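**Q** Before I ask anything, here is the structure I am working with.
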Amino acid sequence: MRIIPQQDVTRLLPMGECIALMEQALASLARGEVVLPLRPVLRIPDTPNVFAMMPTYSAVLPAFGVKLITVFPGNHGTELDSHQGAVALFDAHRGRLIALLDASSITGIRTAAVSAVATKLLAREDSATLAILGSGVQARSHLAAMREVRAVKDVRVWSRDTAHSREFAAWARREHLVDVDVAPSAERAVRSADIVCTTTAAREPVLEGAWLSPGAHVNAVGSSAPAARELDSEAIARARLFTDRRESALNEAGDVLIPMREGRITADHIVAELGEILTGRARGRESREEITVFKSLGIAIEDLVSACHVLARAERENVGLEVELGGKRQPASPFTIAPASP
């Protein structure tokens with residue numbers, strides 16, 4: 001078994017490559033090539049913390065696997081990521097455990113990469129103004145991802161802690177040579193923005209639909225719990241709504257479930273999954289004026305495709321630590337042959 005640590009995962013999964021991988025993963029899901037049960041979630045009593053298990057299988061990959069991850073929102077602003085864990089990969093032919101990869105880095109990169117896929121499909125091509133609500137790991141990865149797919153010229157950031165917003169702006173200037181305006185309020189960040197990414201740990205809305213301009217696109221990323229949301233009901237009701245997976249959205253997304261309980265929308269308000277657009281079964285943006293929202297849940301096939309890609313590169317470059325956990329070893333790894341394209 002090969003163990004691949006965080007710094008190696010980050011290097012072996014550059015954002016541009018990951019965006020292309022996520023297009024393949026979502027299209028494969030739409031074609032019915034993926035087994036994807038809803039994730040079991042263990043909620044830690046009397047805390048906002050959870051432990052989630054995300055298993056999946058793909059008919060076109062040489063491995064299946066599971067992501068085991070904790071979500072501790074209180075880690076925001078500390079030295080620890082809010083999402084921590086590991087992705088375990090198993091040989092699809094013999095059932096061997098073949099790899100263990102850092103999950104924080106995979107989650108951070110692939111989540112933003114999926115938002116980039118949504119932005120390619122749904123945002124206006126001339127979108128140039130980006131608003132990011134939140135200033136943590138996902139805010140940073142989303143800045144990189146949005147710049148991969150749109151010619152962003154004006155960037156604004158807002159978070160509840162202004163000091164964190166300023167740290168984000170300094171990081172963006174240093175790492176991306178981008179000047180970021182620290183907005184005094186979420187409303188000021190969002191007004192007139194072409195693209196809005198919500199990357200917070202909020203349980204109550206931080207974005208109001210009244211603030212969105214005609215033609216805006218929103219990537220709603222931060223919440224994946226039925227009782228929590230970042231967008232108010234007006235934002236969802238005004239928009240054409242897309243997601244990575246309907247079943248997940250209708251079971252896990254407070255951004256969708258709460259407006260449904262209020263009677264503002266029905267399940268049919270979800271226009272399509274991204275994979276359905278990628279495979280030509282559904283249409284994305286239909287006019288310059290419409291508002292679009294992508295509700296991101298984060299699904300296990302995204303982790304599996306990312307981890308398989310990282311492992312294949314790691315084996316070619318002899319990166320990571322080899323350990324023996326038992327069981328007779330095969331002489332050849334399934335990653336000596338590149339996985340088939342989904």
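Just remember, in the structure tokens the first chain shown is A, the second B, etc., residues are 1-based per chain, and ligands are 1-based in the order shown.
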Please identify which residues in segment 76-245 of chain A DSSP calls strand (DSSP E or B) from the backbone, and express them as a ChimeraX atom specification.

**A** /A:83-91,97-102,129-133,154-158,180-182,195-198,207,217-220,231,240-243

**Q** Fewer than 2 positions away in the same chain doesn't count, so skip those; otherwise give me all residues within 10 Å of Ser127 of chain A, counting only C-alpha atoms, as a list in words.

**A**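 My reading of the contact set: Thr119, Ala123, Arg124, Glu125, Thr129, Leu130, Val149, Arg150, Ala151, Val152, Lys153, Asp154, Ala193, Asp194, Ile195, Gly215, Ala216 and His217 of chain A.
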
**Q** Report as a count of residues only all protein, DNA and RNA residues lying within 8 Å of Val87 of chain A, evaluated on only C-alpha atoms, omitting residues in the same chain fewer than 4 positions from it.

**A** 12

**Q** Which residue out of A:Gly136, A:Gly16, A:Pro48, A:Gly222 has the minimum interatomic distance to Phe294 of chain A when only C-alpha atoms are used?

**A**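 Nearest to Phe294 of chain A: A:Gly222.
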
**Q** Calculated over only C-alpha atoms, which of the candidates A:Val310, A:Ile98, A:Leu38, A:Val9 has the smallest distance to Leu325 of chain A?

**A** A:Ile98

**Q** So which residues touch Arg140 of chain A within 12 Å, counting only C-alpha atoms, skipping near sequence neighbours fewer than 5 positions away, as a PDB file with N, CA and C atoms, in the first residue's frame?

**A**
ATOM      1  N   MET A  15      -4.808  22.388 -10.258  1.00  0.00           N
ATOM      2  CA  MET A  15      -6.200  22.782 -10.468  1.00  0.00           C
ATOM      3  C   MET A  15      -6.652  22.562 -11.910  1.00  0.00           C
ATOM      4  N   GLY A 108     -10.183  20.006  -0.821  1.00  0.00           N
ATOM      5  CA  GLY A 108     -10.012  21.425  -1.140  1.00  0.00           C
ATOM      6  C   GLY A 108      -9.899  21.680  -2.628  1.00  0.00           C
ATOM      7  N   ILE A 109      -9.150  20.830  -3.326  1.00  0.00           N
ATOM      8  CA  ILE A 109      -8.909  21.048  -4.750  1.00  0.00           C
ATOM      9  C   ILE A 109     -10.119  20.625  -5.582  1.00  0.00           C
ATOM     10  N   THR A 111     -13.266  20.224  -4.814  1.00  0.00           N
ATOM     11  CA  THR A 111     -14.485  21.006  -4.596  1.00  0.00           C
ATOM     12  C   THR A 111     -14.467  22.258  -5.453  1.00  0.00           C
ATOM     13  N   ALA A 112     -13.351  22.964  -5.440  1.00  0.00           N
ATOM     14  CA  ALA A 112     -13.241  24.165  -6.261  1.00  0.00           C
ATOM     15  C   ALA A 112     -13.231  23.828  -7.743  1.00  0.00           C
ATOM     16  N   ALA A 113     -12.635  22.692  -8.092  1.00  0.00           N
ATOM     17  CA  ALA A 113     -12.608  22.284  -9.500  1.00  0.00           C
ATOM     18  C   ALA A 113     -14.020  22.018 -10.020  1.00  0.00           C
ATOM     19  N   ILE A 132     -16.261  36.501  -3.273  1.00  0.00           N
ATOM     20  CA  ILE A 132     -16.077  35.299  -2.464  1.00  0.00           C
ATOM     21  C   ILE A 132     -16.520  35.620  -1.050  1.00  0.00           C
ATOM     22  N   LEU A 133     -17.482  34.864  -0.555  1.00  0.00           N
ATOM     23  CA  LEU A 133     -17.914  34.980   0.832  1.00  0.00           C
ATOM     24  C   LEU A 133     -17.248  33.854   1.611  1.00  0.00           C
ATOM     25  N   GLY A 134     -16.438  34.230   2.583  1.00  0.00           N
ATOM     26  CA  GLY A 134     -15.578  33.283   3.281  1.00  0.00           C
ATOM     27  C   GLY A 134     -14.131  33.563   2.923  1.00  0.00           C
ATOM     28  N   SER A 135     -13.212  33.179   3.805  1.00  0.00           N
ATOM     29  CA  SER A 135     -11.801  33.501   3.557  1.00  0.00           C
ATOM     30  C   SER A 135     -10.864  32.357   3.927  1.00  0.00           C
ATOM     31  N   ALA A 145      -9.492  28.427  -8.923  1.00  0.00           N
ATOM     32  CA  ALA A 145     -10.349  27.716  -9.872  1.00  0.00           C
ATOM     33  C   ALA A 145     -11.099  28.669 -10.795  1.00  0.00           C
ATOM     34  N   MET A 146     -11.633  29.743 -10.241  1.00  0.00           N
ATOM     35  CA  MET A 146     -12.388  30.698 -11.069  1.00  0.00           C
ATOM     36  C   MET A 146     -11.477  31.348 -12.111  1.00  0.00           C
ATOM     37  N   ARG A 147     -10.249  31.601 -11.758  1.00  0.00           N
ATOM     38  CA  ARG A 147      -9.315  32.226 -12.700  1.00  0.00           C
ATOM     39  C   ARG A 147      -8.901  31.259 -13.810  1.00  0.00           C
ATOM     40  N   VAL A 155     -11.882  41.282  -7.911  1.00  0.00           N
ATOM     41  CA  VAL A 155     -12.160  40.281  -6.886  1.00  0.00           C
ATOM     42  C   VAL A 155     -12.485  40.980  -5.571  1.00  0.00           C
ATOM     43  N   VAL A 157     -13.747  40.102  -1.402  1.00  0.00           N
ATOM     44  CA  VAL A 157     -13.900  39.067  -0.395  1.00  0.00           C
ATOM     45  C   VAL A 157     -14.574  39.645   0.833  1.00  0.00           C
ATOM     46  N   HIS A 164      -9.334  38.033   8.879  1.00  0.00           N
ATOM     47  CA  HIS A 164      -9.159  36.892   7.980  1.00  0.00           C
ATOM     48  C   HIS A 164      -9.296  37.326   6.521  1.00  0.00           C
ATOM     49  N   SER A 165     -10.229  38.242   6.253  1.00  0.00           N
ATOM     50  CA  SER A 165     -10.378  38.748   4.887  1.00  0.00           C
ATOM     51  C   SER A 165      -9.113  39.459   4.431  1.00  0.00           C
ATOM     52  N   GLU A 167      -6.096  38.880   5.539  1.00  0.00           N
ATOM     53  CA  GLU A 167      -5.071  37.855   5.314  1.00  0.00           C
ATOM     54  C   GLU A 167      -5.258  37.195   3.953  1.00  0.00           C
ATOM     55  N   PHE A 168      -6.525  36.941   3.593  1.00  0.00           N
ATOM     56  CA  PHE A 168      -6.809  36.363   2.280  1.00  0.00           C
ATOM     57  C   PHE A 168      -6.343  37.308   1.171  1.00  0.00           C
ATOM     58  N   ALA A 169      -6.636  38.594   1.305  1.00  0.00           N
ATOM     59  CA  ALA A 169      -6.241  39.569   0.282  1.00  0.00           C
ATOM     60  C   ALA A 169      -4.726  39.618   0.135  1.00  0.00           C
ATOM     61  N   ALA A 170      -4.008  39.567   1.255  1.00  0.00           N
ATOM     62  CA  ALA A 170      -2.545  39.586   1.197  1.00  0.00           C
ATOM     63  C   ALA A 170      -2.015  38.322   0.535  1.00  0.00           C
ATOM     64  N   TRP A 171      -2.627  37.187   0.861  1.00  0.00           N
ATOM     65  CA  TRP A 171      -2.220  35.921   0.225  1.00  0.00           C
ATOM     66  C   TRP A 171      -2.462  35.968  -1.281  1.00  0.00           C
ATOM     67  N   ALA A 172      -3.623  36.474  -1.703  1.00  0.00           N
ATOM     68  CA  ALA A 172      -3.946  36.533  -3.131  1.00  0.00           C
ATOM     69  C   ALA A 172      -2.969  37.426  -3.881  1.00  0.00           C
ATOM     70  N   ARG A 173      -2.591  38.513  -3.256  1.00  0.00           N
ATOM     71  CA  ARG A 173      -1.630  39.423  -3.895  1.00  0.00           C
ATOM     72  C   ARG A 173      -0.270  38.750  -4.021  1.00  0.00           C
ATOM     73  N   GLU A 175       0.433  35.296  -3.857  1.00  0.00           N
ATOM     74  CA  GLU A 175       0.447  34.033  -4.583  1.00  0.00           C
ATOM     75  C   GLU A 175      -0.074  34.149  -6.015  1.00  0.00           C
ATOM     76  N   HIS A 176      -1.018  35.050  -6.247  1.00  0.00           N
ATOM     77  CA  HIS A 176      -1.658  35.131  -7.565  1.00  0.00           C
ATOM     78  C   HIS A 176      -1.483  36.492  -8.241  1.00  0.00           C
ATOM     79  N   VAL A 178      -2.921  39.183  -7.560  1.00  0.00           N
ATOM     80  CA  VAL A 178      -4.277  39.703  -7.735  1.00  0.00           C
ATOM     81  C   VAL A 178      -4.596  40.642  -6.575  1.00  0.00           C
ATOM     82  N   VAL A 180      -7.262  42.201  -4.222  1.00  0.00           N
ATOM     83  CA  VAL A 180      -8.577  41.812  -3.719  1.00  0.00           C
ATOM     84  C   VAL A 180      -9.116  42.912  -2.828  1.00  0.00           C
ATOM     85  N   CYS A 197     -19.067  33.057  -5.055  1.00  0.00           N
ATOM     86  CA  CYS A 197     -18.762  31.765  -4.438  1.00  0.00           C
ATOM     87  C   CYS A 197     -18.968  31.893  -2.933  1.00  0.00           C
ATOM     88  N   THR A 198     -19.881  31.097  -2.385  1.00  0.00           N
ATOM     89  CA  THR A 198     -20.089  31.083  -0.936  1.00  0.00           C
ATOM     90  C   THR A 198     -19.340  29.896  -0.361  1.00  0.00           C
ATOM     91  N   THR A 199     -18.358  30.179   0.484  1.00  0.00           N
ATOM     92  CA  THR A 199     -17.443  29.143   0.983  1.00  0.00           C
ATOM     93  C   THR A 199     -17.349  29.206   2.500  1.00  0.00           C
ATOM     94  N   THR A 200     -18.461  29.481   3.163  1.00  0.00           N
ATOM     95  CA  THR A 200     -18.457  29.707   4.599  1.00  0.00           C
ATOM     96  C   THR A 200     -18.879  28.461   5.370  1.00  0.00           C
TER      97      THR A 200
END
